[in-house]
Amino acid sequence: MQVIRVGMLGLGTVGRGVYKILTGNQDNITSKVGATVEITRILVRDLSRPRPVKIDPDLLTDNPADIIESPEIDIVVEVMGGLEPTLDYVLTALKNGKSVVSANKDMVAMYGRELFAAARESGVDFLFEGSVGGGIPIIRPLKVCLAANRIQEIMGIINGTTNYMLTKMTREGSDYQQVLAEAQQMGYAEADPSADVGGLDAARKLAILASIAFNTRVTLNDVYVEGIEKIGAQDIAYANELGYIVKLLGIAKETAEGIEARVHPCFVPHHHPLASVNDVFNAIFVRGDAVGEAMFYGRGAGELPTGSAVAGDVLDAARNRLRGTCGINCTCYEQKMIKSIDQINSRYYIRLNVQDRPGVLASIAYAFGDKEVSLATVLQKHTRGEQAEIVLITHQVRERNLQDSLKLVQQLSSVYTISNVIRVEGE
């Protein structure tokens with residue numbers, strides 16, 4: 001039986017998952033592919049380092065050329081992460097006629113155009129299911145299963161760290177710093193958590209999803225990003241009282257004015273499917289003109305979940321090698337405008353610290369009305385001496401109008417601070 005030889009770049013958390021799946025399920029995989037899929041070389045930094053998985057030392061190398069330059073390797077699995085020297089290794093492998101499977105969201109989000117071009121020129125696959133949503137199948141469904149649809153909207157929880165933190169804050173009433181410390185102790189958050197809590201991790205994933213969904217190149221720089229650093233226990237409590245849950249969402253929409261791509265905290269109605277997605281789980285909600293609404297749910301990270309997505313791509317690439325063909329690479333055949341954040345329409349939650357005296361609310365309402373911002377809900381519940389906390393929910397409004405009105409509100413002598421502004425989505 002023909003053998004498809006696989007070389008792996010990296011043997012970290014995801015790499016170990018891929019190794020366990022491809023070796024532990026080898027008989028089943030052979031039957032599904034019609035050939036033996038065999039890992040023949042693995043690039044590691046330190047050959048002498050003890051490893052938590054039993055591996056034949058003869059498979060290990062610290063020389064990348066043993067994989068990316070070897071004529072015997074058919075498929076390269078990149079699970080190193082990072083950009084340098086990873087990008088150079090992957091481009092070299094593609095140019096040498098090897099199919100590449102990657103879980104590297106940073107590389108795909110920033111250099112997708114170059115990677116797809118190299119794969120196309122060599123007539124090989126570049127597959128990246130593991131780059132978004134861990135074990136959740138979403139790249140292939142968008143490219144294949146939903147390809148006949150015009151995708152109208154993608155809205156998802158695509159970062160497990162922030163979802164765990166917001167879930168804890170909601171359930172326990174904890175504050176942000178306390179929950180962040182707990183997430184770091186449990187290994188859900190890095191020592192430097194900025195990529196997660198600042199929204200950049202989710203933004204990279206959203207750039208990939210939006211590019212596929214709307215057939216146009218969306219880069220990280222096109223995505224508007226806000227993190228969860230300003231979310232307080234008060235915001236969580238107000239959300240619950242008003243019938244919402246706070247989630248960090250990645251949102252991409254196609255409108256008549258162009259593509260929206262944004263990551264930020266949102267008030268999500270209790271009845272929305274994403275509101276019940278808790279802890280480290282991810283979920284991606286898709287709306288298409290034919291399929292209607294669909295949601296993909298599962299573990300968004302981890303050794304075996306992400307390893308499952310990578311191994312599935314390896315099987316696809318192996319089947320294509322046997323047929324002498326390649327699958328779907330770049331689908332960005334259109335050039336669509338990307339909207340700036342001030343062009344979007346949304347509802348908004350606004351929390352203000354103001355003077356507790358007559359006429360203050362009227363002056364605030366007048367400032368909003370001057371910029372055509374209509375208020376749907378007004379709450380005043382907490383007073384401290386001469387200060388009061390006011391919470392507002394607007395009707396649907398253009399972001400530019402909302403920001404202009406906030407400038408007027410901030411100038412009022414009766415307003416001490418605008419404590420937080422959060423968009424309301426999913427209604």
# chains A, B, ... in the order shown; residues from 1 in each chain; ligands from 1
$ closest_atom_pairs --of "stretch 304-401 of chain A" --to "stretch 12-33 of chain A" --cutoff "6 Å" --atoms "only C-alpha atoms" --output "Markdown table"
| residue | atom | partner | partner_atom | distance |
| --- | --- | --- | --- | --- |
| A:Leu304 | CA | A:Gly17 | CA | 4.8 |
| A:Gly307 | CA | A:Val18 | CA | 4.5 |
| A:Ala311 | CA | A:Val18 | CA | 5.8 |
| A:Arg319 | CA | A:Val33 | CA | 5.7 |
$ write_last_selection --atoms "N, CA and C atoms" --output "tab-separated table (two decimals), in the first residue's frame"
chain	number	residue	atom	x	y	z
A	304	LEU	N	-5.92	17.83	22.07
A	304	LEU	CA	-6.66	16.92	21.20
A	304	LEU	C	-7.72	17.62	20.35
A	307	GLY	N	-5.72	19.32	17.74
A	307	GLY	CA	-5.08	18.22	17.03
A	307	GLY	C	-6.03	17.50	16.11
A	311	ALA	N	-5.34	17.03	12.22
A	311	ALA	CA	-5.28	15.67	11.66
A	311	ALA	C	-6.31	15.48	10.55
A	319	ARG	N	-5.45	12.40	0.81
A	319	ARG	CA	-6.33	11.93	-0.27
A	319	ARG	C	-6.03	12.67	-1.57
$ closest_residue --among "A:Ala195, A:Leu142, A:Ala118, A:Cys332" --to "A:Phe296" --atoms "only C-alpha atoms"
A:Leu142
$ residues_around --residues "A:Val310" --least-positions-apart "6" --cutoff "7 Å" --atoms "only C-alpha atoms" --output "list in words"
Val18, Val101, Ser102, Ala103, Glu129 and Gly130 of chain A
$ residues_around --residues "A:Val291" --least-positions-apart "3" --cutoff "12 Å" --atoms "only C-alpha atoms" --output "NGL selection string"
:A and (141-142 or 145-153 or 285-288 or 294-295)
$ residues_around --residues "stretch 205-220 of chain A" --least-positions-apart "6" --cutoff "6 Å" --atoms "only C-alpha atoms" --output "mmCIF file with N, CA and C atoms, in the first residue's frame"
data_model
loop_
_atom_site.group_PDB
_atom_site.id
_atom_site.type_symbol
_atom_site.label_atom_id
_atom_site.label_comp_id
_atom_site.auth_asym_id
_atom_site.auth_seq_id
_atom_site.Cartn_x
_atom_site.Cartn_y
_atom_site.Cartn_z
ATOM 1 N N ALA A 109 -3.705 34.889 9.148
ATOM 2 C CA ALA A 109 -4.363 36.195 9.144
ATOM 3 C C ALA A 109 -3.508 37.269 8.492
ATOM 4 N N VAL A 132 -8.748 28.337 13.589
ATOM 5 C CA VAL A 132 -9.912 29.026 14.170
ATOM 6 C C VAL A 132 -10.799 28.001 14.866
ATOM 7 N N ILE A 151 -23.235 34.380 2.516
ATOM 8 C CA ILE A 151 -23.152 34.553 3.961
ATOM 9 C C ILE A 151 -23.409 36.018 4.295
ATOM 10 N N GLY A 250 -16.638 38.243 18.149
ATOM 11 C CA GLY A 250 -16.133 38.616 16.840
ATOM 12 C C GLY A 250 -17.323 38.696 15.907
ATOM 13 N N THR A 331 -10.141 31.663 -1.632
ATOM 14 C CA THR A 331 -11.475 31.960 -2.144
ATOM 15 C C THR A 331 -11.746 33.466 -2.172
ATOM 16 N N CYS A 332 -10.701 34.266 -2.028
ATOM 17 C CA CYS A 332 -10.864 35.734 -2.012
ATOM 18 C C CYS A 332 -10.772 36.275 -3.439
ATOM 19 N N TYR A 333 -11.846 36.067 -4.201
ATOM 20 C CA TYR A 333 -11.839 36.484 -5.607
ATOM 21 C C TYR A 333 -12.531 37.832 -5.815
ATOM 22 N N GLU A 334 -12.989 38.478 -4.731
ATOM 23 C CA GLU A 334 -13.617 39.788 -4.851
ATOM 24 C C GLU A 334 -12.833 40.819 -4.046
ATOM 25 N N GLN A 335 -13.090 42.088 -4.330
ATOM 26 C CA GLN A 335 -12.487 43.173 -3.567
ATOM 27 C C GLN A 335 -13.610 44.073 -3.053
#
$ select_by_dssp --residues "stretch 3-118 of chain A" --states "strand (DSSP E)" --output "ChimeraX atom specification"
/A:3-9,36-43,60-61,75-78,99-102
$ atom_distance --atom1 "atom CA of A:Lys336" --atom2 "atom CA of A:Glu114"
19.1 Å
$ decode --residues "stretch 228-269 of chain A" --atoms "N, CA and C atoms" --output "CSV table (one decimal), in the first residue's frame"
chain,number,residue,atom,x,y,z
A,228,ILE,N,-11.7,43.3,26.9
A,228,ILE,CA,-12.6,43.2,28.0
A,228,ILE,C,-12.1,43.9,29.3
A,229,GLU,N,-10.9,44.6,29.1
A,229,GLU,CA,-10.3,45.2,30.3
A,229,GLU,C,-11.2,46.2,31.1
A,230,LYS,N,-12.1,46.8,30.4
A,230,LYS,CA,-13.0,47.8,31.1
A,230,LYS,C,-14.3,47.3,31.6
A,231,ILE,N,-14.5,46.0,31.4
A,231,ILE,CA,-15.7,45.4,31.9
A,231,ILE,C,-15.7,45.2,33.4
A,232,GLY,N,-16.6,45.8,34.1
A,232,GLY,CA,-16.6,45.7,35.6
A,232,GLY,C,-17.8,44.9,36.1
A,233,ALA,N,-17.8,44.6,37.4
A,233,ALA,CA,-18.9,43.8,38.0
A,233,ALA,C,-20.2,44.5,37.8
A,234,GLN,N,-20.1,45.9,37.8
A,234,GLN,CA,-21.4,46.7,37.7
A,234,GLN,C,-22.0,46.4,36.3
A,235,ASP,N,-21.2,46.3,35.3
A,235,ASP,CA,-21.7,46.1,33.9
A,235,ASP,C,-22.3,44.8,33.8
A,236,ILE,N,-21.7,43.8,34.4
A,236,ILE,CA,-22.2,42.4,34.4
A,236,ILE,C,-23.6,42.4,35.1
A,237,ALA,N,-23.7,43.0,36.2
A,237,ALA,CA,-25.0,43.1,37.0
A,237,ALA,C,-26.1,43.8,36.2
A,238,TYR,N,-25.7,44.9,35.6
A,238,TYR,CA,-26.7,45.7,34.8
A,238,TYR,C,-27.2,44.9,33.6
A,239,ALA,N,-26.3,44.2,33.0
A,239,ALA,CA,-26.6,43.3,31.8
A,239,ALA,C,-27.7,42.3,32.2
A,240,ASN,N,-27.4,41.6,33.3
A,240,ASN,CA,-28.3,40.6,33.8
A,240,ASN,C,-29.7,41.2,34.1
A,241,GLU,N,-29.7,42.3,34.8
A,241,GLU,CA,-31.0,43.0,35.1
A,241,GLU,C,-31.8,43.4,33.9
A,242,LEU,N,-31.1,43.7,32.9
A,242,LEU,CA,-31.7,44.2,31.6
A,242,LEU,C,-32.0,43.1,30.6
A,243,GLY,N,-31.6,41.8,31.0
A,243,GLY,CA,-31.9,40.7,30.1
A,243,GLY,C,-30.8,40.3,29.2
A,244,TYR,N,-29.6,40.6,29.6
A,244,TYR,CA,-28.4,40.4,28.7
A,244,TYR,C,-27.3,39.6,29.4
A,245,ILE,N,-26.4,39.0,28.6
A,245,ILE,CA,-25.2,38.5,29.1
A,245,ILE,C,-24.0,39.2,28.4
A,246,VAL,N,-22.9,39.5,29.1
A,246,VAL,CA,-21.8,40.1,28.4
A,246,VAL,C,-20.9,39.1,27.8
A,247,LYS,N,-20.6,39.2,26.5
A,247,LYS,CA,-19.7,38.3,25.8
A,247,LYS,C,-18.7,39.1,25.0
A,248,LEU,N,-17.5,38.6,24.8
A,248,LEU,CA,-16.6,39.2,23.8
A,248,LEU,C,-16.9,38.5,22.5
A,249,LEU,N,-17.3,39.2,21.5
A,249,LEU,CA,-17.7,38.6,20.2
A,249,LEU,C,-16.9,39.1,19.1
A,250,GLY,N,-16.6,38.2,18.1
A,250,GLY,CA,-16.1,38.6,16.8
A,250,GLY,C,-17.3,38.7,15.9
A,251,ILE,N,-17.5,39.8,15.2
A,251,ILE,CA,-18.7,40.1,14.4
A,251,ILE,C,-18.2,40.5,13.0
A,252,ALA,N,-18.7,39.8,12.0
A,252,ALA,CA,-18.5,40.2,10.6
A,252,ALA,C,-19.8,40.1,9.9
A,253,LYS,N,-20.1,41.2,9.1
A,253,LYS,CA,-21.3,41.3,8.4
A,253,LYS,C,-21.1,41.9,7.0
A,254,GLU,N,-21.9,41.5,6.1
A,254,GLU,CA,-21.8,42.1,4.7
A,254,GLU,C,-23.1,43.0,4.6
A,255,THR,N,-22.8,44.3,4.4
A,255,THR,CA,-23.9,45.3,4.2
A,255,THR,C,-23.8,45.9,2.9
A,256,ALA,N,-24.7,46.8,2.5
A,256,ALA,CA,-24.7,47.5,1.2
A,256,ALA,C,-23.5,48.5,1.2
A,257,GLU,N,-23.1,48.9,2.4
A,257,GLU,CA,-22.0,49.9,2.4
A,257,GLU,C,-20.6,49.2,2.5
A,258,GLY,N,-20.5,47.9,2.7
A,258,GLY,CA,-19.3,47.2,2.8
A,258,GLY,C,-19.3,46.2,3.9
A,259,ILE,N,-18.1,45.7,4.2
A,259,ILE,CA,-17.9,44.6,5.2
A,259,ILE,C,-17.6,45.2,6.6
A,260,GLU,N,-18.3,44.7,7.6
A,260,GLU,CA,-18.0,45.1,8.9
A,260,GLU,C,-17.2,43.9,9.5
A,261,ALA,N,-16.1,44.3,10.2
A,261,ALA,CA,-15.3,43.3,10.9
A,261,ALA,C,-14.8,43.9,12.2
A,262,ARG,N,-15.3,43.4,13.3
A,262,ARG,CA,-15.1,44.0,14.6
A,262,ARG,C,-15.1,43.0,15.8
A,263,VAL,N,-14.2,43.2,16.8
A,263,VAL,CA,-14.2,42.4,18.0
A,263,VAL,C,-14.3,43.3,19.2
A,264,HIS,N,-15.3,43.1,20.0
A,264,HIS,CA,-15.5,43.9,21.2
A,264,HIS,C,-16.5,43.3,22.1
A,265,PRO,N,-16.6,43.7,23.4
A,265,PRO,CA,-17.6,43.2,24.3
A,265,PRO,C,-19.0,43.6,23.8
A,266,CYS,N,-20.0,42.7,24.1
A,266,CYS,CA,-21.3,43.0,23.7
A,266,CYS,C,-22.3,42.6,24.8
A,267,PHE,N,-23.4,43.2,24.8
A,267,PHE,CA,-24.6,42.8,25.6
A,267,PHE,C,-25.3,41.8,24.6
A,268,VAL,N,-25.5,40.6,25.0
A,268,VAL,CA,-26.2,39.6,24.1
A,268,VAL,C,-27.5,39.2,24.9
A,269,PRO,N,-28.6,39.2,24.2
A,269,PRO,CA,-29.9,38.8,24.9
A,269,PRO,C,-29.8,37.4,25.4
